[in-house]
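Chemist: The file below is entry13.txt, compact mmCIF, N, CA and C atoms:
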```txt
# COMPACT_ATOMS: atom_id res chain seq x y z
N MET I 679 0.85 -1.17 0.00
CA MET I 679 0.00 0.00 0.00
C MET I 679 0.89 1.23 0.00
N SER I 680 0.53 2.18 -0.84
CA SER I 680 1.33 3.40 -0.92
C SER I 680 1.15 4.24 0.35
N ALA I 681 2.09 5.10 0.58
CA ALA I 681 2.02 5.98 1.75
C ALA I 681 0.83 6.93 1.64
N ASP I 682 0.53 7.39 0.41
CA ASP I 682 -0.63 8.27 0.21
C ASP I 682 -1.93 7.56 0.53
N ARG I 683 -2.07 6.31 0.08
CA ARG I 683 -3.28 5.54 0.33
C ARG I 683 -3.44 5.26 1.82
N GLU I 684 -2.31 4.90 2.45
CA GLU I 684 -2.37 4.65 3.89
C GLU I 684 -2.79 5.92 4.63
N GLN I 685 -2.33 7.07 4.19
CA GLN I 685 -2.70 8.33 4.83
C GLN I 685 -4.19 8.61 4.65
N GLU I 686 -4.72 8.35 3.45
CA GLU I 686 -6.15 8.54 3.21
C GLU I 686 -6.98 7.66 4.14
N LEU I 687 -6.57 6.41 4.27
CA LEU I 687 -7.29 5.49 5.15
C LEU I 687 -7.14 5.90 6.61
N PHE I 688 -5.95 6.31 7.00
CA PHE I 688 -5.73 6.79 8.36
C PHE I 688 -6.60 8.00 8.65
N ASP I 689 -6.68 8.92 7.70
CA ASP I 689 -7.53 10.11 7.86
C ASP I 689 -9.00 9.73 8.03
N LEU I 690 -9.45 8.75 7.25
CA LEU I 690 -10.83 8.30 7.37
C LEU I 690 -11.09 7.68 8.73
N VAL I 691 -10.20 6.82 9.16
CA VAL I 691 -10.35 6.20 10.48
C VAL I 691 -10.29 7.27 11.57
N GLY I 692 -9.41 8.23 11.42
CA GLY I 692 -9.34 9.34 12.38
C GLY I 692 -10.64 10.12 12.43
N TYR I 693 -11.22 10.37 11.27
CA TYR I 693 -12.52 11.05 11.21
C TYR I 693 -13.59 10.24 11.94
N MET I 694 -13.59 8.94 11.72
CA MET I 694 -14.59 8.09 12.35
C MET I 694 -14.42 8.04 13.87
N VAL I 695 -13.18 7.93 14.32
CA VAL I 695 -12.92 7.84 15.77
C VAL I 695 -13.26 9.17 16.45
N THR I 696 -12.82 10.28 15.87
CA THR I 696 -13.15 11.56 16.50
C THR I 696 -14.64 11.86 16.41
N SER I 697 -15.28 11.40 15.35
CA SER I 697 -16.74 11.55 15.26
C SER I 697 -17.43 10.78 16.38
N ALA I 698 -16.95 9.58 16.65
CA ALA I 698 -17.54 8.77 17.73
C ALA I 698 -17.46 9.54 19.05
N ARG I 699 -16.32 10.13 19.31
CA ARG I 699 -16.17 10.89 20.55
C ARG I 699 -17.07 12.13 20.56
N ASN I 700 -17.07 12.85 19.46
CA ASN I 700 -17.85 14.08 19.39
C ASN I 700 -19.35 13.82 19.50
N LEU I 701 -19.79 12.66 19.06
CA LEU I 701 -21.22 12.35 19.11
C LEU I 701 -21.75 12.28 20.53
N LEU I 702 -20.88 12.11 21.48
CA LEU I 702 -21.33 12.11 22.87
C LEU I 702 -21.91 13.46 23.27
N ASP I 703 -21.48 14.52 22.59
CA ASP I 703 -21.90 15.87 22.95
C ASP I 703 -22.67 16.59 21.85
N GLU I 704 -22.92 15.94 20.73
CA GLU I 704 -23.57 16.57 19.59
C GLU I 704 -25.02 16.12 19.47
N PRO I 705 -25.80 16.84 18.67
CA PRO I 705 -27.20 16.44 18.45
C PRO I 705 -27.28 15.04 17.85
N PRO I 706 -28.34 14.31 18.17
CA PRO I 706 -28.48 12.92 17.69
C PRO I 706 -28.41 12.75 16.17
N LEU I 707 -28.87 13.70 15.39
CA LEU I 707 -28.86 13.54 13.94
C LEU I 707 -27.46 13.59 13.34
N TYR I 708 -26.49 14.06 14.09
CA TYR I 708 -25.12 14.08 13.57
C TYR I 708 -24.59 12.66 13.34
N GLY I 709 -25.03 11.71 14.15
CA GLY I 709 -24.56 10.33 14.02
C GLY I 709 -24.84 9.74 12.65
N PRO I 710 -26.11 9.75 12.21
CA PRO I 710 -26.39 9.21 10.88
C PRO I 710 -25.65 9.96 9.77
N PHE I 711 -25.55 11.29 9.92
CA PHE I 711 -24.82 12.06 8.90
C PHE I 711 -23.36 11.62 8.83
N ARG I 712 -22.73 11.49 9.97
CA ARG I 712 -21.31 11.13 9.98
C ARG I 712 -21.09 9.71 9.43
N LEU I 713 -22.01 8.80 9.69
CA LEU I 713 -21.90 7.46 9.12
C LEU I 713 -22.02 7.51 7.59
N LEU I 714 -22.99 8.29 7.10
CA LEU I 714 -23.14 8.44 5.65
C LEU I 714 -21.89 9.07 5.04
N ASP I 715 -21.38 10.09 5.69
CA ASP I 715 -20.20 10.77 5.18
C ASP I 715 -19.00 9.81 5.16
N SER I 716 -18.86 8.99 6.19
CA SER I 716 -17.78 8.00 6.23
C SER I 716 -17.91 6.99 5.09
N ALA I 717 -19.13 6.53 4.84
CA ALA I 717 -19.35 5.58 3.74
C ALA I 717 -18.98 6.22 2.41
N SER I 718 -19.37 7.46 2.22
CA SER I 718 -19.05 8.17 0.98
C SER I 718 -17.55 8.34 0.82
N ARG I 719 -16.87 8.69 1.90
CA ARG I 719 -15.41 8.86 1.84
C ARG I 719 -14.71 7.53 1.53
N LEU I 720 -15.20 6.45 2.10
CA LEU I 720 -14.61 5.14 1.82
C LEU I 720 -14.78 4.78 0.35
N ILE I 721 -15.97 5.00 -0.18
CA ILE I 721 -16.21 4.69 -1.60
C ILE I 721 -15.31 5.55 -2.47
N ALA I 722 -15.10 6.82 -2.08
CA ALA I 722 -14.20 7.70 -2.85
C ALA I 722 -12.78 7.14 -2.87
N ILE I 723 -12.31 6.63 -1.75
CA ILE I 723 -10.98 6.02 -1.71
C ILE I 723 -10.94 4.80 -2.62
N LEU I 724 -11.97 3.98 -2.58
CA LEU I 724 -12.02 2.80 -3.45
C LEU I 724 -12.06 3.22 -4.92
N GLU I 725 -12.76 4.30 -5.21
CA GLU I 725 -12.84 4.78 -6.59
C GLU I 725 -11.46 5.19 -7.11
N GLU I 726 -10.68 5.82 -6.26
CA GLU I 726 -9.34 6.26 -6.67
C GLU I 726 -8.43 5.09 -7.02
N THR I 727 -8.73 3.93 -6.48
CA THR I 727 -7.91 2.75 -6.77
C THR I 727 -8.59 1.82 -7.77
N SER I 728 -9.65 2.30 -8.39
CA SER I 728 -10.44 1.52 -9.35
C SER I 728 -11.03 0.28 -8.71
N ALA I 729 -11.26 0.32 -7.40
CA ALA I 729 -11.83 -0.83 -6.70
C ALA I 729 -13.31 -0.65 -6.39
N ALA I 730 -13.89 0.47 -6.78
CA ALA I 730 -15.31 0.71 -6.51
C ALA I 730 -16.15 0.19 -7.68
N SER I 731 -17.12 -0.61 -7.35
CA SER I 731 -18.01 -1.15 -8.37
C SER I 731 -19.02 -0.08 -8.79
N PRO I 732 -19.68 -0.30 -9.92
CA PRO I 732 -20.71 0.65 -10.35
C PRO I 732 -21.81 0.84 -9.29
N ARG I 733 -22.17 -0.22 -8.60
CA ARG I 733 -23.23 -0.06 -7.60
C ARG I 733 -22.74 0.73 -6.39
N LEU I 734 -21.45 0.61 -6.02
CA LEU I 734 -20.92 1.45 -4.95
C LEU I 734 -20.88 2.91 -5.38
N LEU I 735 -20.49 3.16 -6.62
CA LEU I 735 -20.46 4.52 -7.13
C LEU I 735 -21.86 5.12 -7.18
N ALA I 736 -22.84 4.32 -7.56
CA ALA I 736 -24.22 4.79 -7.58
C ALA I 736 -24.69 5.11 -6.16
N LEU I 737 -24.31 4.26 -5.22
CA LEU I 737 -24.66 4.50 -3.82
C LEU I 737 -24.03 5.80 -3.33
N ARG I 738 -22.77 6.02 -3.66
CA ARG I 738 -22.11 7.26 -3.25
C ARG I 738 -22.83 8.47 -3.83
N GLY I 739 -23.25 8.37 -5.07
CA GLY I 739 -23.99 9.47 -5.69
C GLY I 739 -25.27 9.77 -4.94
N ARG I 740 -25.98 8.73 -4.55
CA ARG I 740 -27.22 8.92 -3.78
C ARG I 740 -26.93 9.54 -2.42
N ILE I 741 -25.86 9.07 -1.78
CA ILE I 741 -25.49 9.62 -0.47
C ILE I 741 -25.19 11.10 -0.60
N GLU I 742 -24.34 11.44 -1.56
CA GLU I 742 -23.95 12.84 -1.73
C GLU I 742 -25.15 13.72 -2.09
N ALA I 743 -26.09 13.17 -2.84
CA ALA I 743 -27.26 13.95 -3.24
C ALA I 743 -28.19 14.26 -2.08
N GLY I 744 -28.19 13.41 -1.05
CA GLY I 744 -29.17 13.60 0.01
C GLY I 744 -28.66 13.80 1.41
N LYS I 745 -27.35 13.63 1.63
CA LYS I 745 -26.87 13.65 3.02
C LYS I 745 -27.07 14.98 3.72
N TYR I 746 -27.08 16.06 2.98
CA TYR I 746 -27.26 17.36 3.61
C TYR I 746 -28.72 17.69 3.92
N SER I 747 -29.61 16.77 3.60
CA SER I 747 -31.01 16.97 4.01
C SER I 747 -31.12 16.95 5.53
N VAL I 748 -30.06 16.51 6.21
CA VAL I 748 -30.02 16.55 7.67
C VAL I 748 -30.15 17.98 8.18
N MET I 749 -29.78 18.95 7.35
CA MET I 749 -29.84 20.35 7.76
C MET I 749 -31.27 20.91 7.75
N GLY I 750 -32.19 20.19 7.12
CA GLY I 750 -33.57 20.64 7.05
C GLY I 750 -34.44 19.94 8.08
N GLU I 751 -35.60 19.56 7.64
CA GLU I 751 -36.54 18.86 8.51
C GLU I 751 -36.08 17.44 8.80
N GLU I 752 -36.22 17.03 10.03
CA GLU I 752 -35.82 15.68 10.40
C GLU I 752 -36.61 14.64 9.60
N THR I 753 -37.87 14.92 9.32
CA THR I 753 -38.68 13.96 8.56
C THR I 753 -38.13 13.76 7.14
N ALA I 754 -37.60 14.81 6.54
CA ALA I 754 -37.02 14.69 5.19
C ALA I 754 -35.75 13.84 5.24
N PHE I 755 -34.93 14.05 6.25
CA PHE I 755 -33.71 13.25 6.39
C PHE I 755 -34.05 11.79 6.67
N ARG I 756 -35.04 11.59 7.51
CA ARG I 756 -35.49 10.22 7.81
C ARG I 756 -35.99 9.54 6.54
N ALA I 757 -36.76 10.26 5.73
CA ALA I 757 -37.28 9.70 4.47
C ALA I 757 -36.13 9.38 3.52
N PHE I 758 -35.12 10.27 3.46
CA PHE I 758 -33.94 10.01 2.63
C PHE I 758 -33.25 8.73 3.07
N LEU I 759 -33.04 8.58 4.37
CA LEU I 759 -32.38 7.36 4.88
C LEU I 759 -33.21 6.12 4.58
N ASP I 760 -34.53 6.20 4.75
CA ASP I 760 -35.39 5.06 4.44
C ASP I 760 -35.28 4.68 2.97
N ASP I 761 -35.31 5.70 2.09
CA ASP I 761 -35.18 5.43 0.65
C ASP I 761 -33.82 4.82 0.32
N LEU I 762 -32.77 5.31 0.98
CA LEU I 762 -31.43 4.79 0.73
C LEU I 762 -31.32 3.33 1.16
N VAL I 763 -31.87 3.02 2.32
CA VAL I 763 -31.87 1.62 2.79
C VAL I 763 -32.66 0.74 1.83
N ASN I 764 -33.83 1.20 1.41
CA ASN I 764 -34.64 0.41 0.47
C ASN I 764 -33.91 0.19 -0.85
N ALA I 765 -33.22 1.21 -1.34
CA ALA I 765 -32.46 1.07 -2.58
C ALA I 765 -31.32 0.07 -2.41
N LEU I 766 -30.67 0.11 -1.25
CA LEU I 766 -29.60 -0.86 -0.97
C LEU I 766 -30.14 -2.28 -0.97
N VAL I 767 -31.26 -2.48 -0.33
CA VAL I 767 -31.86 -3.82 -0.28
C VAL I 767 -32.21 -4.28 -1.69
N ASP I 768 -32.79 -3.38 -2.48
CA ASP I 768 -33.14 -3.74 -3.86
C ASP I 768 -31.90 -4.17 -4.65
N VAL I 769 -30.82 -3.44 -4.50
CA VAL I 769 -29.58 -3.79 -5.20
C VAL I 769 -29.05 -5.13 -4.69
N MET I 770 -29.12 -5.32 -3.39
CA MET I 770 -28.60 -6.57 -2.81
C MET I 770 -29.36 -7.79 -3.31
N ILE I 771 -30.64 -7.63 -3.56
CA ILE I 771 -31.42 -8.78 -4.04
C ILE I 771 -31.59 -8.76 -5.56
N GLY I 772 -30.92 -7.81 -6.21
CA GLY I 772 -30.86 -7.82 -7.66
C GLY I 772 -32.00 -7.15 -8.39
N LYS I 773 -32.73 -6.25 -7.75
CA LYS I 773 -33.84 -5.58 -8.41
C LYS I 773 -33.41 -4.37 -9.22
N GLN I 774 -32.20 -3.86 -8.99
CA GLN I 774 -31.75 -2.66 -9.69
C GLN I 774 -30.38 -2.90 -10.29
N GLU I 775 -29.80 -1.81 -10.81
CA GLU I 775 -28.49 -1.88 -11.47
C GLU I 775 -27.45 -2.50 -10.58
N GLY I 776 -26.46 -3.08 -11.19
CA GLY I 776 -25.34 -3.62 -10.45
C GLY I 776 -25.42 -5.09 -10.15
N LYS I 777 -26.50 -5.76 -10.60
CA LYS I 777 -26.61 -7.21 -10.33
C LYS I 777 -25.59 -7.97 -11.11
```
In structure tokens, how does this file's structure come out?
Modeler:
Amino acid sequence: MSADREQELFDLVGYMVTSARNLLDEPPLYGPFRLLDSASRLIAILEETSAASPRLLALRGRIEAGKYSVMGEETAFRAFLDDLVNALVDVMIGKQEGK
């Protein structure tokens, strides 16, 4: 593994660990946002190494398109998360692209 790649992964893990600590004192909705952001960052790292599949890239696109809905109404963010989970399940069982 290159030093640059190791640094990217270390940065991601650092973000996740410090997020875990910060969540003890932050609003509850920050947790789901930080998890989504971590997933998106991981997929970006995989994309840079050509290891991200089309379905992971599609998932990252969906995450990026909706993750900031956390800044609005909680019901909108909840609906976004529900739709994202349903889309993931559909892909996992082969109902959408990436099968």
Chemist: According to DSSP computed on the backbone, where in chain I is there helix (DSSP H, G or I)? Give the residues as a ChimeraX atom specification.
Modeler: /I:681-700,708-726,732-749,752-770
Chemist: Just how far from CA of Phe711 in chain I is CA of Lys745 in chain I, in Å to one decimal?
Modeler: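 Computing it gives 6.4 Å between the two atoms.
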Chemist: Smallest atom-to-atom distance to Leu714 in chain I: which of I:Ile741, I:Val763, I:Ala681, I:Leu735, using all atoms listed in the file?
Modeler: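 Closest to Leu714 in chain I of all the choices is I:Ile741.
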Chemist: Could you jot down the atom C of Phe755 in chain I to CA of Met770 in chain I separation for me, Å, one decimal place?
Modeler: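 So the answer is 21.4 Å.
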Chemist: Would you compute, for all listed atoms of range 747-752 of chain I, the axis-aligned bounding box grown by 8 Å on each side, and then report its centre and edge lengths in Å rounded to one decimal, as JSON?
Modeler:
```
{"center_x": -33.1, "center_y": 17.8, "center_z": 7.0, "size_x": 23.0, "size_y": 22.3, "size_z": 22.8}
```
Chemist: For Arg683 in chain I, which residue among I:Ala717, I:Leu701, I:Leu762, I:Ala722 is the nearest when counting only C-alpha atoms?
Modeler: I:Ala722
Chemist: State, in Å with one decimal place, the distance from atom C of Arg738 in chain I to atom C of Leu702 in chain I.
Modeler: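 Calculated distance between atom C of Arg738 in chain I and atom C of Leu702 in chain I is 27.6 Å.
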